[in-house]
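Report on the structure given below.
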Amino acid sequence: MSDDLRSLIPRADQPLPTGEDKTRSVRAMFDVIAPRYDLVNRVMTFRMDVGWRRRTVGSLGLPPGSLVLDLACGTGDLAGELADRHLVPVGADLSFGMLDAAARTFDRLQCDGAALPVHDGCFDGATCGFALRNFTDLDGTVAELARVVRHGGRVAVLEVAEPPNPVLRAGHAVYFGRVVPVIGGLLSDGSAYRYLPRSVAYLPPWPELRATFERHGFRDAERTLLSGGIAQLLTATRDRS
């Protein structure tokens with residue numbers, strides 16, 4: 001089965017997939033890397049991802065007991081941080097392998113981010129970690145976030161970024177494009193971690209992302225660069241119904 005899944009991950013000499021091909025590739029890739037996903041994250045970010053997730057959850061500013069959707073929850077790192085802050089996480093992810101590899105127990109759904117099987121306005125907030133570039137229908141996914149988060153609710157999205165400093169940007173490009181695939185190949189699956197740096201090409205620039213969130217009913221959209229700009233935190237408040 002794993003060989004069948006790996007065949008769906010595009011090789012370095014193949015173009016990045018779109019449409020349903022992208023959905024199949026993303027699902028297969030995360031099913032393959034799920035067993036060691038957390039380990040690779042800790043190693044390749046030197047554990048900085050732990051602090052990024054804490055800041056993401058803290059930026060929600062929601063009271064204890066709030067119900068929070070963790071979109072593209074993966075193995076549950078953000079969901080665990082939500083629970084530690086006395087919030088109630090509900091995870092959703094395309095990959096059953098990632099959901100199955102979760103170390104902690106929390107409510108979770110296998111589904112596409114653009115088609116969430118939940119009622120309108122049922123969440124007080126939402127988080128999403130390192131997944132915007134993996135959604136086949138990003139516009140539809142943001143529209144779904146707007147549908148399921150109540151008026152006044154908060155969203156916090158963690159993503160990769162490029163440092164604004166040219167020297168840091170050059171060094172980060174070498175590390176992310178060349179070193180990370182080696183680390184991923186040693187600890188998990190090389191083909192998947194060669195694809196992940198390439199997938200940044202899917203990620204729209206901040207002005208376009210902000211416009212997308214605002215078009216779907218979010219206000220006060222802000223972007224904060226983390227760790228010199230190698231990651232970014234995007235926050236917004238649900239405005240109109």
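Following the order of the structure tokens, chains are lettered A, B, ..., residues in each are numbered from 1, and ligands are numbered from 1.
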Polymer residues at most 6 Å from stretch 108-124 of chain A, only C-alpha atoms, same-chain spacing of 5 or more positions, as a ChimeraX atom specification
/A:66-68,90-94,140-141,144,147-150,153
Selected residues written out with C-alpha atoms, as a PDB file, in the first residue's frame:
ATOM      1  CA  SER A  66     -14.563  27.746  23.653  1.00  0.00           C
ATOM      2  CA  LEU A  67     -15.097  25.263  20.818  1.00  0.00           C
ATOM      3  CA  VAL A  68     -12.299  25.553  18.249  1.00  0.00           C
ATOM      4  CA  VAL A  90     -12.384  19.499  17.045  1.00  0.00           C
ATOM      5  CA  GLY A  91      -9.984  18.376  14.343  1.00  0.00           C
ATOM      6  CA  ALA A  92     -10.573  17.994  10.610  1.00  0.00           C
ATOM      7  CA  ASP A  93      -8.087  16.565   8.135  1.00  0.00           C
ATOM      8  CA  LEU A  94      -8.034  15.073   4.649  1.00  0.00           C
ATOM      9  CA  GLY A 140     -13.646  27.562  -0.880  1.00  0.00           C
ATOM     10  CA  THR A 141     -11.834  26.572   2.304  1.00  0.00           C
ATOM     11  CA  GLU A 144     -16.099  27.316   4.822  1.00  0.00           C
ATOM     12  CA  ARG A 147     -19.473  29.659   7.470  1.00  0.00           C
ATOM     13  CA  VAL A 148     -18.617  27.570  10.517  1.00  0.00           C
ATOM     14  CA  VAL A 149     -17.051  30.267  12.756  1.00  0.00           C
ATOM     15  CA  ARG A 150     -19.577  32.423  14.624  1.00  0.00           C
ATOM     16  CA  GLY A 153     -15.040  34.368  16.423  1.00  0.00           C
TER      17      GLY A 153
END
Residues within 6 Å of stretch 98-101 of chain A, please, as a PyMOL selection string. Count only C-alpha atoms; anything in the same chain fewer than 3 positions from it doesn't count.
chain A and resi 34+74-75+95
Restrict the selected residues to C-alpha atoms and save them as a PDB file, in the first residue's frame.
ATOM      1  CA  ALA A  34       2.190  10.474   9.262  1.00  0.00           C
ATOM      2  CA  GLY A  74      -2.794  16.339  11.292  1.00  0.00           C
ATOM      3  CA  THR A  75      -1.522  14.410  14.284  1.00  0.00           C
ATOM      4  CA  SER A  95      -5.548  12.355   5.616  1.00  0.00           C
TER       5      SER A  95
END
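For stretch 122-184 of chain A, the set of residues given strand (DSSP E or B) by DSSP on the backbone reads Phe123, Asp124, Gly125, Ala126, Thr127, Cys128, Gly129, Val149, Arg150, His151, Gly152, Gly153, Arg154, Val155, Ala156, Val157, Leu158, Glu159 and Val160 of chain A.
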Show me, as a PyMOL selection string, the residues that have an atom within 8 Å of A:Glu162 when counting only C-alpha atoms, minus same-chain residues fewer than 3 positions from it.
chain A and resi 169+172+229-231
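Using only C-alpha atoms, the smallest distance between any of A:Gly129, A:Gly177, A:Gly97, A:Pro35 and A:Glu159 comes from A:Gly129.
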Best match for closeness to A:Tyr195 among A:Gly171, A:Pro181, A:Gly61, A:Gly51, counting only C-alpha atoms:
A:Pro181
re atom CA of A:Arg238 and atom CA of A:Val26: distance 28.1 Å
